[in-house]
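my_file-v4.pdb (PDB, C-alpha atoms)
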ATOM      1  CA  MET A   1      -3.976  11.328  19.631
ATOM      2  CA  PRO A   2      -7.670  12.065  20.166
ATOM      3  CA  ASP A   3      -9.728   9.510  22.046
ATOM      4  CA  THR A   4     -12.303   9.353  19.276
ATOM      5  CA  PRO A   5     -10.737   9.723  15.857
ATOM      6  CA  PRO A   6     -13.143  10.984  13.201
ATOM      7  CA  GLU A   7     -13.008   7.703  11.286
ATOM      8  CA  ALA A   8     -14.377   5.774  14.286
ATOM      9  CA  PRO A   9     -17.113   7.752  16.042
ATOM     10  CA  THR A  10     -18.248   6.141  19.264
ATOM     11  CA  SER A  11     -21.851   7.288  19.052
ATOM     12  CA  ALA A  12     -24.379   8.323  16.450
ATOM     13  CA  THR A  13     -23.871  11.957  17.377
ATOM     14  CA  ALA A  14     -20.111  11.869  16.999
ATOM     15  CA  GLY A  15     -20.415  12.085  13.210
ATOM     16  CA  ASP A  16     -23.068  12.604  10.604
ATOM     17  CA  PRO A  17     -25.725  10.051  11.577
ATOM     18  CA  GLU A  18     -26.808   9.844   7.919
ATOM     19  CA  ALA A  19     -23.298   8.999   6.706
ATOM     20  CA  GLY A  20     -23.319   6.050   4.355
ATOM     21  CA  PHE A  21     -27.098   5.935   4.022
ATOM     22  CA  LEU A  22     -28.228   4.878   0.572
ATOM     23  CA  LEU A  23     -31.786   3.917  -0.274
ATOM     24  CA  ASP A  24     -32.116   0.245  -1.200
ATOM     25  CA  PRO A  25     -32.436   0.040  -5.007
ATOM     26  CA  ARG A  26     -35.583  -2.131  -4.786
ATOM     27  CA  LEU A  27     -37.302   0.451  -2.589
ATOM     28  CA  GLU A  28     -36.145   3.154  -4.968
ATOM     29  CA  ALA A  29     -37.526   1.281  -7.992
ATOM     30  CA  ASP A  30     -40.962   0.649  -6.443
ATOM     31  CA  THR A  31     -41.629   4.057  -4.896
ATOM     32  CA  ILE A  32     -41.869   7.805  -5.483
ATOM     33  CA  HIS A  33     -39.901  10.167  -3.230
ATOM     34  CA  LEU A  34     -42.146  12.458  -1.171
ATOM     35  CA  GLY A  35     -39.684  14.213   1.107
ATOM     36  CA  ASP A  36     -37.278  13.802   3.986
ATOM     37  CA  LEU A  37     -38.590  14.015   7.542
ATOM     38  CA  PRO A  38     -36.066  14.655  10.349
ATOM     39  CA  LEU A  39     -35.276  10.926  10.574
ATOM     40  CA  SER A  40     -36.858   9.153   7.633
ATOM     41  CA  ARG A  41     -37.149   9.373   3.899
ATOM     42  CA  ALA A  42     -40.873   9.364   3.068
ATOM     43  CA  LEU A  43     -41.875   7.378  -0.012
ATOM     44  CA  LEU A  44     -45.128   6.567  -1.774
ATOM     45  CA  MET A  45     -45.382   2.956  -2.897
ATOM     46  CA  ASN A  46     -46.163   3.112  -6.590
ATOM     47  CA  ASP A  47     -49.104   0.740  -6.275
ATOM     48  CA  ALA A  48     -52.529   2.101  -7.135
ATOM     49  CA  ARG A  49     -54.249  -0.757  -5.291
ATOM     50  CA  PHE A  50     -53.458   0.709  -1.857
ATOM     51  CA  PRO A  51     -52.573   4.209  -0.560
ATOM     52  CA  TRP A  52     -49.243   3.141   0.884
ATOM     53  CA  LEU A  53     -46.420   5.127   2.465
ATOM     54  CA  ILE A  54     -42.968   3.841   3.388
ATOM     55  CA  LEU A  55     -40.618   5.470   5.884
ATOM     56  CA  VAL A  56     -36.915   4.664   5.676
ATOM     57  CA  PRO A  57     -34.807   5.951   8.583
ATOM     58  CA  ARG A  58     -31.636   7.449   7.117
ATOM     59  CA  ARG A  59     -29.331   5.283   9.205
ATOM     60  CA  ALA A  60     -26.862   3.130   7.318
ATOM     61  CA  GLY A  61     -26.932  -0.524   8.273
ATOM     62  CA  ALA A  62     -30.188  -0.432  10.262
ATOM     63  CA  SER A  63     -32.330  -3.489   9.618
ATOM     64  CA  GLU A  64     -34.403  -3.891  12.789
ATOM     65  CA  ILE A  65     -36.286  -1.260  14.806
ATOM     66  CA  ALA A  66     -34.069  -2.417  17.686
ATOM     67  CA  ASP A  67     -31.013  -1.300  15.665
ATOM     68  CA  LEU A  68     -32.029   2.342  16.176
ATOM     69  CA  ASP A  69     -31.012   4.165  19.315
ATOM     70  CA  GLU A  70     -33.773   5.305  21.650
ATOM     71  CA  VAL A  71     -33.896   8.869  20.317
ATOM     72  CA  ASP A  72     -34.253   7.659  16.742
ATOM     73  CA  ALA A  73     -36.853   5.064  17.748
ATOM     74  CA  THR A  74     -38.982   7.741  19.397
ATOM     75  CA  ALA A  75     -38.594   9.928  16.302
ATOM     76  CA  LEU A  76     -39.625   7.009  14.110
ATOM     77  CA  MET A  77     -42.781   6.483  16.161
ATOM     78  CA  GLY A  78     -43.617  10.169  15.729
ATOM     79  CA  GLU A  79     -43.073   9.972  11.966
ATOM     80  CA  ILE A  80     -45.210   6.817  11.747
ATOM     81  CA  ARG A  81     -48.032   8.637  13.541
ATOM     82  CA  LEU A  82     -47.644  11.704  11.330
ATOM     83  CA  SER A  83     -47.720   9.538   8.193
ATOM     84  CA  ALA A  84     -50.781   7.656   9.422
ATOM     85  CA  ARG A  85     -52.599  10.931  10.118
ATOM     86  CA  LEU A  86     -51.777  12.392   6.678
ATOM     87  CA  LEU A  87     -52.809   9.178   4.971
ATOM     88  CA  ALA A  88     -56.055   9.085   6.956
ATOM     89  CA  GLU A  89     -56.836  12.678   5.983
ATOM     90  CA  ILE A  90     -56.109  12.094   2.304
ATOM     91  CA  ALA A  91     -57.473   8.574   1.856
ATOM     92  CA  GLY A  92     -60.082   8.137   4.631
ATOM     93  CA  PRO A  93     -59.348   4.437   5.176
ATOM     94  CA  ASP A  94     -61.335   1.923   7.203
ATOM     95  CA  LYS A  95     -58.108   0.830   8.938
ATOM     96  CA  THR A  96     -54.437   1.684   8.848
ATOM     97  CA  ASN A  97     -51.845  -1.082   8.763
ATOM     98  CA  VAL A  98     -48.339  -0.443  10.040
ATOM     99  CA  GLY A  99     -45.567  -2.950   9.511
ATOM    100  CA  ALA A 100     -41.803  -3.362   9.579
ATOM    101  CA  LEU A 101     -41.024  -6.706   7.980
ATOM    102  CA  GLY A 102     -37.836  -6.634   5.910
ATOM    103  CA  ASN A 103     -37.858 -10.286   4.921
ATOM    104  CA  ILE A 104     -36.961  -9.386   1.331
ATOM    105  CA  VAL A 105     -35.469  -5.884   1.578
ATOM    106  CA  THR A 106     -33.483  -5.914   4.801
ATOM    107  CA  GLN A 107     -32.941  -2.140   4.964
ATOM    108  CA  LEU A 108     -35.142  -0.929   7.836
ATOM    109  CA  HIS A 109     -38.371   0.467   6.409
ATOM    110  CA  VAL A 110     -41.845   0.901   7.829
ATOM    111  CA  HIS A 111     -45.022   0.503   5.804
ATOM    112  CA  ILE A 112     -48.079   2.631   6.575
ATOM    113  CA  VAL A 113     -50.962   1.393   4.447
ATOM    114  CA  ALA A 114     -54.505   2.748   4.162
ATOM    115  CA  ARG A 115     -56.833  -0.232   4.051
ATOM    116  CA  PHE A 116     -60.419  -0.501   2.894
ATOM    117  CA  LEU A 117     -63.024  -3.195   3.320
ATOM    118  CA  SER A 118     -63.283  -3.011  -0.475
ATOM    119  CA  ASP A 119     -59.571  -3.362  -1.263
ATOM    120  CA  PRO A 120     -58.323  -6.461  -3.088
ATOM    121  CA  ALA A 121     -56.358  -7.909  -0.154
ATOM    122  CA  TRP A 122     -58.850  -7.227   2.654
ATOM    123  CA  PRO A 123     -58.751  -8.504   5.399
ATOM    124  CA  GLY A 124     -55.371 -10.064   4.665
ATOM    125  CA  PRO A 125     -52.070  -8.189   4.649
ATOM    126  CA  VAL A 126     -50.916  -6.313   1.532
ATOM    127  CA  TRP A 127     -47.415  -7.760   1.668
ATOM    128  CA  GLY A 128     -47.013 -10.539  -0.852
ATOM    129  CA  HIS A 129     -50.535 -10.013  -2.188
ATOM    130  CA  GLY A 130     -50.561 -10.174  -5.986
ATOM    131  CA  ALA A 131     -48.607  -7.838  -8.205
ATOM    132  CA  ARG A 132     -47.930  -4.160  -7.750
ATOM    133  CA  THR A 133     -50.081  -2.001 -10.076
ATOM    134  CA  PRO A 134     -48.319   1.300 -10.839
ATOM    135  CA  TYR A 135     -50.436   4.463 -10.752
ATOM    136  CA  PRO A 136     -51.539   5.932 -14.057
ATOM    137  CA  PRO A 137     -49.194   8.940 -14.530
ATOM    138  CA  HIS A 138     -51.781  11.636 -13.891
ATOM    139  CA  ALA A 139     -53.181   9.978 -10.740
ATOM    140  CA  ALA A 140     -49.708   9.581  -9.275
ATOM    141  CA  HIS A 141     -48.882  13.219  -9.969
ATOM    142  CA  ALA A 142     -51.934  14.595  -8.135
ATOM    143  CA  LEU A 143     -51.488  12.309  -5.119
ATOM    144  CA  VAL A 144     -47.758  12.903  -4.908
ATOM    145  CA  GLU A 145     -48.225  16.675  -4.966
ATOM    146  CA  ARG A 146     -50.798  16.501  -2.152
ATOM    147  CA  LEU A 147     -48.573  14.253  -0.035
ATOM    148  CA  ARG A 148     -45.448  16.321  -0.665
ATOM    149  CA  ALA A 149     -47.283  19.463   0.411
ATOM    150  CA  ALA A 150     -48.685  17.737   3.499
ATOM    151  CA  PHE A 151     -45.288  16.391   4.586
ATOM    152  CA  ALA A 152     -43.606  19.735   3.909
ATOM    153  CA  ALA A 153     -46.218  21.532   6.016
ATOM    154  CA  ALA A 154     -46.095  19.013   8.889
TER
ATOM    155  CA  MET B 155     -69.180  22.108  41.008
ATOM    156  CA  PRO B 156     -65.741  20.884  39.968
ATOM    157  CA  ASP B 157     -64.541  21.777  36.486
ATOM    158  CA  THR B 158     -63.834  18.159  35.683
ATOM    159  CA  PRO B 159     -66.321  15.829  37.330
ATOM    160  CA  PRO B 160     -64.979  12.283  37.836
ATOM    161  CA  GLU B 161     -67.483  10.822  35.376
ATOM    162  CA  ALA B 162     -66.111  12.939  32.531
ATOM    163  CA  PRO B 163     -62.317  13.125  32.709
ATOM    164  CA  THR B 164     -60.875  15.553  30.159
ATOM    165  CA  SER B 165     -57.573  13.724  29.667
ATOM    166  CA  ALA B 166     -56.127  10.268  30.020
ATOM    167  CA  THR B 167     -54.486  11.270  33.277
ATOM    168  CA  ALA B 168     -57.656  12.619  34.845
ATOM    169  CA  GLY B 169     -58.832   9.084  35.621
ATOM    170  CA  ASP B 170     -57.503   5.561  35.477
ATOM    171  CA  PRO B 171     -56.118   5.291  31.942
ATOM    172  CA  GLU B 172     -56.819   1.553  31.994
ATOM    173  CA  ALA B 173     -60.486   2.053  32.884
ATOM    174  CA  GLY B 174     -62.734  -0.017  30.678
ATOM    175  CA  PHE B 175     -59.899  -2.003  29.103
ATOM    176  CA  LEU B 176     -60.869  -5.569  28.339
ATOM    177  CA  LEU B 177     -58.806  -7.912  26.188
ATOM    178  CA  ASP B 178     -60.558  -8.818  22.933
ATOM    179  CA  PRO B 179     -61.931 -12.361  23.329
ATOM    180  CA  ARG B 180     -60.307 -13.538  20.074
ATOM    181  CA  LEU B 181     -56.891 -12.390  21.278
ATOM    182  CA  GLU B 182     -57.570 -14.041  24.616
ATOM    183  CA  ALA B 183     -58.529 -17.321  22.938
ATOM    184  CA  ASP B 184     -55.441 -17.462  20.691
ATOM    185  CA  THR B 185     -52.761 -16.434  23.178
ATOM    186  CA  ILE B 186     -51.141 -17.127  26.546
ATOM    187  CA  HIS B 187     -50.736 -14.267  29.043
ATOM    188  CA  LEU B 188     -47.099 -13.456  29.797
ATOM    189  CA  GLY B 189     -47.352 -10.355  31.931
ATOM    190  CA  ASP B 190     -48.292  -6.693  32.007
ATOM    191  CA  LEU B 191     -45.706  -4.102  31.007
ATOM    192  CA  PRO B 192     -46.313  -0.485  32.080
ATOM    193  CA  LEU B 193     -48.506   0.138  29.016
ATOM    194  CA  SER B 194     -49.213  -3.170  27.334
ATOM    195  CA  ARG B 195     -50.406  -6.646  28.103
ATOM    196  CA  ALA B 196     -47.766  -9.054  26.745
ATOM    197  CA  LEU B 197     -49.103 -12.217  25.139
ATOM    198  CA  LEU B 198     -47.582 -15.249  23.428
ATOM    199  CA  MET B 199     -49.451 -16.296  20.301
ATOM    200  CA  ASN B 200     -50.259 -19.964  20.818
ATOM    201  CA  ASP B 201     -48.827 -20.951  17.444
ATOM    202  CA  ALA B 202     -45.844 -23.282  17.437
ATOM    203  CA  ARG B 203     -44.987 -22.339  13.838
ATOM    204  CA  PHE B 204     -43.579 -18.939  14.828
ATOM    205  CA  PRO B 205     -42.199 -17.439  18.073
ATOM    206  CA  TRP B 206     -44.751 -14.642  18.188
ATOM    207  CA  LEU B 207     -45.472 -12.003  20.822
ATOM    208  CA  ILE B 208     -48.423  -9.617  20.896
ATOM    209  CA  LEU B 209     -48.567  -6.358  22.844
ATOM    210  CA  VAL B 210     -51.966  -4.882  23.665
ATOM    211  CA  PRO B 211     -51.901  -1.356  25.124
ATOM    212  CA  ARG B 212     -54.353  -1.281  28.035
ATOM    213  CA  ARG B 213     -56.309   1.649  26.632
ATOM    214  CA  ALA B 214     -60.021   1.092  26.065
ATOM    215  CA  GLY B 215     -61.192   1.971  22.595
ATOM    216  CA  ALA B 216     -57.741   2.302  20.985
ATOM    217  CA  SER B 217     -57.657   0.833  17.499
ATOM    218  CA  GLU B 218     -54.900   2.738  15.709
ATOM    219  CA  ILE B 219     -51.407   3.666  16.922
ATOM    220  CA  ALA B 220     -52.526   7.252  16.246
ATOM    221  CA  ASP B 221     -55.280   6.782  18.870
ATOM    222  CA  LEU B 222     -52.643   6.740  21.618
ATOM    223  CA  ASP B 223     -51.375   9.975  23.072
ATOM    224  CA  GLU B 224     -47.716  10.800  22.534
ATOM    225  CA  VAL B 225     -46.562   9.511  25.927
ATOM    226  CA  ASP B 226     -48.272   6.169  25.368
ATOM    227  CA  ALA B 227     -46.937   5.958  21.795
ATOM    228  CA  THR B 228     -43.372   6.431  23.032
ATOM    229  CA  ALA B 229     -43.965   3.802  25.716
ATOM    230  CA  LEU B 230     -45.333   1.425  23.094
ATOM    231  CA  MET B 231     -42.214   1.858  20.965
ATOM    232  CA  GLY B 232     -40.089   1.038  24.017
ATOM    233  CA  GLU B 233     -42.129  -2.072  24.748
ATOM    234  CA  ILE B 234     -41.914  -3.178  21.100
ATOM    235  CA  ARG B 235     -38.128  -2.863  21.262
ATOM    236  CA  LEU B 236     -37.974  -4.718  24.570
ATOM    237  CA  SER B 237     -40.144  -7.519  23.184
ATOM    238  CA  ALA B 238     -38.036  -7.753  20.029
ATOM    239  CA  ARG B 239     -34.854  -7.999  22.107
ATOM    240  CA  LEU B 240     -36.251 -10.722  24.372
ATOM    241  CA  LEU B 241     -37.553 -12.671  21.392
ATOM    242  CA  ALA B 242     -34.191 -12.335  19.628
ATOM    243  CA  GLU B 243     -32.367 -13.622  22.721
ATOM    244  CA  ILE B 244     -34.685 -16.568  23.177
ATOM    245  CA  ALA B 245     -35.369 -17.516  19.553
ATOM    246  CA  GLY B 246     -32.350 -16.195  17.603
ATOM    247  CA  PRO B 247     -34.370 -15.328  14.475
ATOM    248  CA  ASP B 248     -33.070 -14.360  11.035
ATOM    249  CA  LYS B 249     -35.430 -11.354  11.037
ATOM    250  CA  THR B 250     -38.012  -9.804  13.311
ATOM    251  CA  ASN B 251     -41.354  -8.678  11.892
ATOM    252  CA  VAL B 252     -43.356  -5.986  13.652
ATOM    253  CA  GLY B 253     -46.896  -5.178  12.628
ATOM    254  CA  ALA B 254     -50.058  -3.443  13.773
ATOM    255  CA  LEU B 255     -52.823  -4.484  11.396
ATOM    256  CA  GLY B 256     -56.164  -4.913  13.131
ATOM    257  CA  ASN B 257     -58.176  -5.745  10.039
ATOM    258  CA  ILE B 258     -59.952  -8.573  11.879
ATOM    259  CA  VAL B 259     -59.487  -7.739  15.577
ATOM    260  CA  THR B 260     -59.767  -3.969  15.757
ATOM    261  CA  GLN B 261     -58.453  -3.626  19.324
ATOM    262  CA  LEU B 262     -54.998  -2.067  18.972
ATOM    263  CA  HIS B 263     -52.377  -4.803  19.183
ATOM    264  CA  VAL B 264     -48.827  -5.093  17.892
ATOM    265  CA  HIS B 265     -47.298  -8.311  16.631
ATOM    266  CA  ILE B 266     -43.598  -9.024  17.156
ATOM    267  CA  VAL B 267     -42.704 -12.189  15.279
ATOM    268  CA  ALA B 268     -39.396 -14.056  15.115
ATOM    269  CA  ARG B 269     -38.897 -15.134  11.523
ATOM    270  CA  PHE B 270     -36.635 -17.776  10.050
ATOM    271  CA  LEU B 271     -35.586 -18.522   6.489
ATOM    272  CA  SER B 272     -36.827 -22.025   7.273
ATOM    273  CA  ASP B 273     -40.260 -21.055   8.608
ATOM    274  CA  PRO B 274     -43.377 -22.109   6.687
ATOM    275  CA  ALA B 275     -44.401 -18.582   5.631
ATOM    276  CA  TRP B 276     -40.964 -17.198   4.695
ATOM    277  CA  PRO B 277     -40.530 -14.677   3.076
ATOM    278  CA  GLY B 278     -44.221 -13.792   3.198
ATOM    279  CA  PRO B 279     -46.009 -12.358   6.223
ATOM    280  CA  VAL B 280     -47.350 -14.665   8.943
ATOM    281  CA  TRP B 281     -50.750 -12.953   9.035
ATOM    282  CA  GLY B 282     -53.321 -14.997   7.194
ATOM    283  CA  HIS B 283     -50.820 -17.772   6.474
ATOM    284  CA  GLY B 284     -52.409 -21.179   7.014
ATOM    285  CA  ALA B 285     -53.840 -22.334  10.319
ATOM    286  CA  ARG B 286     -52.548 -21.676  13.812
ATOM    287  CA  THR B 287     -50.820 -24.744  15.298
ATOM    288  CA  PRO B 288     -51.065 -24.688  19.104
ATOM    289  CA  TYR B 289     -47.949 -25.613  21.065
ATOM    290  CA  PRO B 290     -47.753 -29.087  22.571
ATOM    291  CA  PRO B 291     -48.490 -28.478  26.290
ATOM    292  CA  HIS B 292     -44.969 -29.135  27.553
ATOM    293  CA  ALA B 293     -43.295 -26.936  24.916
ATOM    294  CA  ALA B 294     -45.635 -24.045  25.662
ATOM    295  CA  HIS B 295     -44.965 -24.355  29.381
ATOM    296  CA  ALA B 296     -41.176 -24.099  29.037
ATOM    297  CA  LEU B 297     -41.316 -21.172  26.609
ATOM    298  CA  VAL B 298     -43.943 -19.318  28.614
ATOM    299  CA  GLU B 299     -41.920 -19.639  31.817
ATOM    300  CA  ARG B 300     -38.803 -18.263  30.093
ATOM    301  CA  LEU B 301     -40.705 -15.346  28.587
ATOM    302  CA  ARG B 302     -42.537 -14.537  31.832
ATOM    303  CA  ALA B 303     -39.248 -14.451  33.696
ATOM    304  CA  ALA B 304     -37.635 -12.279  31.005
ATOM    305  CA  PHE B 305     -40.514  -9.780  30.982
ATOM    306  CA  ALA B 306     -40.655  -9.685  34.780
ATOM    307  CA  ALA B 307     -36.895  -8.983  34.946
ATOM    308  CA  ALA B 308     -36.969  -6.309  32.214
TER
END

Target format structure tokens, applied to this file:
Amino acid sequence: MPDTPPEAPTSATAGDPEAGFLLDPRLEADTIHLGDLPLSRALLMNDARFPWLILVPRRAGASEIADLDEVDATALMGEIRLSARLLAEIAGPDKTNVGALGNIVTQLHVHIVARFLSDPAWPGPVWGHGARTPYPPHAAHALVERLRAAFAAA
Amino acid sequence: MPDTPPEAPTSATAGDPEAGFLLDPRLEADTIHLGDLPLSRALLMNDARFPWLILVPRRAGASEIADLDEVDATALMGEIRLSARLLAEIAGPDKTNVGALGNIVTQLHVHIVARFLSDPAWPGPVWGHGARTPYPPHAAHALVERLRAAFAAA
């Protein structure tokens, strides 16, 4: 018998590291898919109040950043920085907020939010602030196309 | 004349990367110093409502995670994970929240907060929630000694 049967890989590289990954249905309902980076699914929060990206590492069962292995954690940091740069180029924020909370949706996900002195939650956090305001269809389309192109070119 | 005179280093490694770093006075006033990791100053938020660490990369002028170079960003991710593990061991939280906001204090700093279903802000974020409640002196002393020892041994 083999030491590591296929049904019980002993490390993330022994099988498909994305096996079993399924986007949380609440994240799916609130966001628009932008593309898949090497580690993470990139999403746009469908909330016109704030330019707001979400990265979801495609690792089943991960809830905390500490649940990732070191290679994935380094990749996540790179994808956070890439997302922050794209968002800064497109939105020109006064500040960028980065957060991994997961108090409601436990699937590991990282928020990258462009913040403005003039936005409705400033200087407080966006999480838990009022109700999500979906983009008007045309505005979402233009922004989504720009972000998809930027992620694809990155 | 040298190509890179000492008064104008062309990269972070050309001089002391910590040159000019000074902890923001608001962070200093609200926290207790735990120790210095290779990149970051580790602080305990003096707020008995939440076990709450803050990491401040010792890089003058950094405000965004994207302001760090790639080596420092990878180091920061490692120190976030270390801090989350120590906090989990000591506090046993239901969830760990990680955030880099900086809407009020712009000096780059990362919060690592142990969250509990029973805590006063759950499931909302801790930032901007009510007023900081300093530890009673004896409680702070015991916790600070444990955290200092854990960081020093890490």

So how many Å separate atom CA of A:Ala66 and atom CA of B:Ala303, to one decimal?
20.7 Å

I need the chain B residues near chain A as a PDB file with C-alpha atoms, keeping the file's coordinate frame; criterion: at most 10 Å, counting only C-alpha atoms.
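The result, stored in iface02.pdb:
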ATOM      1  CA  SER B 217     -57.657   0.833  17.499  1.00  0.00           C
ATOM      2  CA  GLU B 218     -54.900   2.738  15.709  1.00  0.00           C
ATOM      3  CA  ILE B 219     -51.407   3.666  16.922  1.00  0.00           C
ATOM      4  CA  ALA B 220     -52.526   7.252  16.246  1.00  0.00           C
ATOM      5  CA  ASP B 221     -55.280   6.782  18.870  1.00  0.00           C
ATOM      6  CA  LEU B 222     -52.643   6.740  21.618  1.00  0.00           C
ATOM      7  CA  GLU B 224     -47.716  10.800  22.534  1.00  0.00           C
ATOM      8  CA  ALA B 227     -46.937   5.958  21.795  1.00  0.00           C
ATOM      9  CA  THR B 228     -43.372   6.431  23.032  1.00  0.00           C
ATOM     10  CA  ALA B 229     -43.965   3.802  25.716  1.00  0.00           C
ATOM     11  CA  LEU B 230     -45.333   1.425  23.094  1.00  0.00           C
ATOM     12  CA  MET B 231     -42.214   1.858  20.965  1.00  0.00           C
ATOM     13  CA  GLY B 232     -40.089   1.038  24.017  1.00  0.00           C
ATOM     14  CA  ILE B 234     -41.914  -3.178  21.100  1.00  0.00           C
ATOM     15  CA  ARG B 235     -38.128  -2.863  21.262  1.00  0.00           C
ATOM     16  CA  LEU B 236     -37.974  -4.718  24.570  1.00  0.00           C
ATOM     17  CA  SER B 237     -40.144  -7.519  23.184  1.00  0.00           C
ATOM     18  CA  ALA B 238     -38.036  -7.753  20.029  1.00  0.00           C
ATOM     19  CA  ARG B 239     -34.854  -7.999  22.107  1.00  0.00           C
ATOM     20  CA  ASP B 248     -33.070 -14.360  11.035  1.00  0.00           C
ATOM     21  CA  LYS B 249     -35.430 -11.354  11.037  1.00  0.00           C
ATOM     22  CA  THR B 250     -38.012  -9.804  13.311  1.00  0.00           C
ATOM     23  CA  ASN B 251     -41.354  -8.678  11.892  1.00  0.00           C
ATOM     24  CA  VAL B 252     -43.356  -5.986  13.652  1.00  0.00           C
ATOM     25  CA  GLY B 253     -46.896  -5.178  12.628  1.00  0.00           C
ATOM     26  CA  ALA B 254     -50.058  -3.443  13.773  1.00  0.00           C
ATOM     27  CA  LEU B 255     -52.823  -4.484  11.396  1.00  0.00           C
ATOM     28  CA  GLY B 256     -56.164  -4.913  13.131  1.00  0.00           C
ATOM     29  CA  ASN B 257     -58.176  -5.745  10.039  1.00  0.00           C
ATOM     30  CA  ILE B 258     -59.952  -8.573  11.879  1.00  0.00           C
ATOM     31  CA  THR B 260     -59.767  -3.969  15.757  1.00  0.00           C
ATOM     32  CA  VAL B 264     -48.827  -5.093  17.892  1.00  0.00           C
ATOM     33  CA  HIS B 265     -47.298  -8.311  16.631  1.00  0.00           C
ATOM     34  CA  ILE B 266     -43.598  -9.024  17.156  1.00  0.00           C
ATOM     35  CA  VAL B 267     -42.704 -12.189  15.279  1.00  0.00           C
ATOM     36  CA  ARG B 269     -38.897 -15.134  11.523  1.00  0.00           C
ATOM     37  CA  PHE B 270     -36.635 -17.776  10.050  1.00  0.00           C
ATOM     38  CA  LEU B 271     -35.586 -18.522   6.489  1.00  0.00           C
ATOM     39  CA  TRP B 276     -40.964 -17.198   4.695  1.00  0.00           C
ATOM     40  CA  PRO B 277     -40.530 -14.677   3.076  1.00  0.00           C
ATOM     41  CA  GLY B 278     -44.221 -13.792   3.198  1.00  0.00           C
ATOM     42  CA  PRO B 279     -46.009 -12.358   6.223  1.00  0.00           C
ATOM     43  CA  VAL B 280     -47.350 -14.665   8.943  1.00  0.00           C
ATOM     44  CA  TRP B 281     -50.750 -12.953   9.035  1.00  0.00           C
ATOM     45  CA  GLY B 282     -53.321 -14.997   7.194  1.00  0.00           C
ATOM     46  CA  HIS B 283     -50.820 -17.772   6.474  1.00  0.00           C
TER      47      HIS B 283
END

Using the chain letters and numbering of this document, enumerate as number ranges by chain the residues selected by the PyMOL selection byres ((chain A and resi 46-52) around 6).
A: 30-31, 44-45, 53, 112-114, 132-135

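If you apply the PyMOL selection byres ((chain B and resi 189) around 12) to this structure, you end up with Thr185, Ile186, His187, Leu188, Asp190, Leu191, Pro192, Leu193, Ser194, Arg195, Ala196, Leu197, Leu198, Leu207, Ile208, Leu209, Val210, Ser237, Val298, Glu299, Arg300, Leu301, Arg302, Ala303, Ala304, Phe305, Ala306, Ala307 and Ala308 of chain B.
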
Correct to one decimal, the distance atom CA of B:Ala242-atom CA of B:Gln261 is 25.8 Å

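Residue neighbourhood of stretch 15-21 of chain A, excluding near-sequence residues (fewer than 5 positions): Arg58, Arg59 and Ala60 of chain A, at 6 Å, using only C-alpha atoms.
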
Report, as JSON, the axis-aligned box around all atoms of stretch 223-241 of chain B present in the file, extended by 6 Å on each side; give centre and edge lengths in Å to one decimal place.
{"center_x": -43.1, "center_y": -0.9, "center_z": 23.0, "size_x": 28.5, "size_y": 35.5, "size_z": 17.9}

Can you complete the atoms of stretch 111-122 of chain A to N, CA and C atoms and list them as a short mmCIF file (atom, residue, chain, number, x, y, z; two decimals), in the frame of the given file?
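The result, stored in selection.cif:
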data_model
loop_
_atom_site.label_atom_id
_atom_site.label_comp_id
_atom_site.auth_asym_id
_atom_site.auth_seq_id
_atom_site.Cartn_x
_atom_site.Cartn_y
_atom_site.Cartn_z
N HIS A 111 -43.88 0.31 6.68
CA HIS A 111 -45.02 0.50 5.80
C HIS A 111 -46.18 1.11 6.59
N ILE A 112 -46.84 2.09 6.02
CA ILE A 112 -48.08 2.63 6.58
C ILE A 112 -49.09 2.57 5.42
N VAL A 113 -50.09 1.71 5.58
CA VAL A 113 -50.96 1.39 4.45
C VAL A 113 -52.41 1.69 4.82
N ALA A 114 -53.07 2.47 3.98
CA ALA A 114 -54.50 2.75 4.16
C ALA A 114 -55.29 1.56 3.61
N ARG A 115 -56.10 0.97 4.46
CA ARG A 115 -56.83 -0.23 4.05
C ARG A 115 -58.34 0.04 4.01
N PHE A 116 -58.98 -0.65 3.09
CA PHE A 116 -60.42 -0.50 2.89
C PHE A 116 -61.07 -1.87 2.85
N LEU A 117 -62.28 -1.94 3.39
CA LEU A 117 -63.02 -3.20 3.32
C LEU A 117 -63.18 -3.65 1.87
N SER A 118 -63.10 -2.71 0.95
CA SER A 118 -63.28 -3.01 -0.48
C SER A 118 -61.98 -3.25 -1.21
N ASP A 119 -60.82 -3.22 -0.50
CA ASP A 119 -59.57 -3.36 -1.26
C ASP A 119 -59.30 -4.84 -1.57
N PRO A 120 -58.45 -5.09 -2.58
CA PRO A 120 -58.32 -6.46 -3.09
C PRO A 120 -57.68 -7.45 -2.10
N ALA A 121 -57.01 -6.98 -1.09
CA ALA A 121 -56.36 -7.91 -0.15
C ALA A 121 -57.13 -8.06 1.16
N TRP A 122 -58.14 -7.23 1.38
CA TRP A 122 -58.85 -7.23 2.65
C TRP A 122 -59.44 -8.60 2.96
#
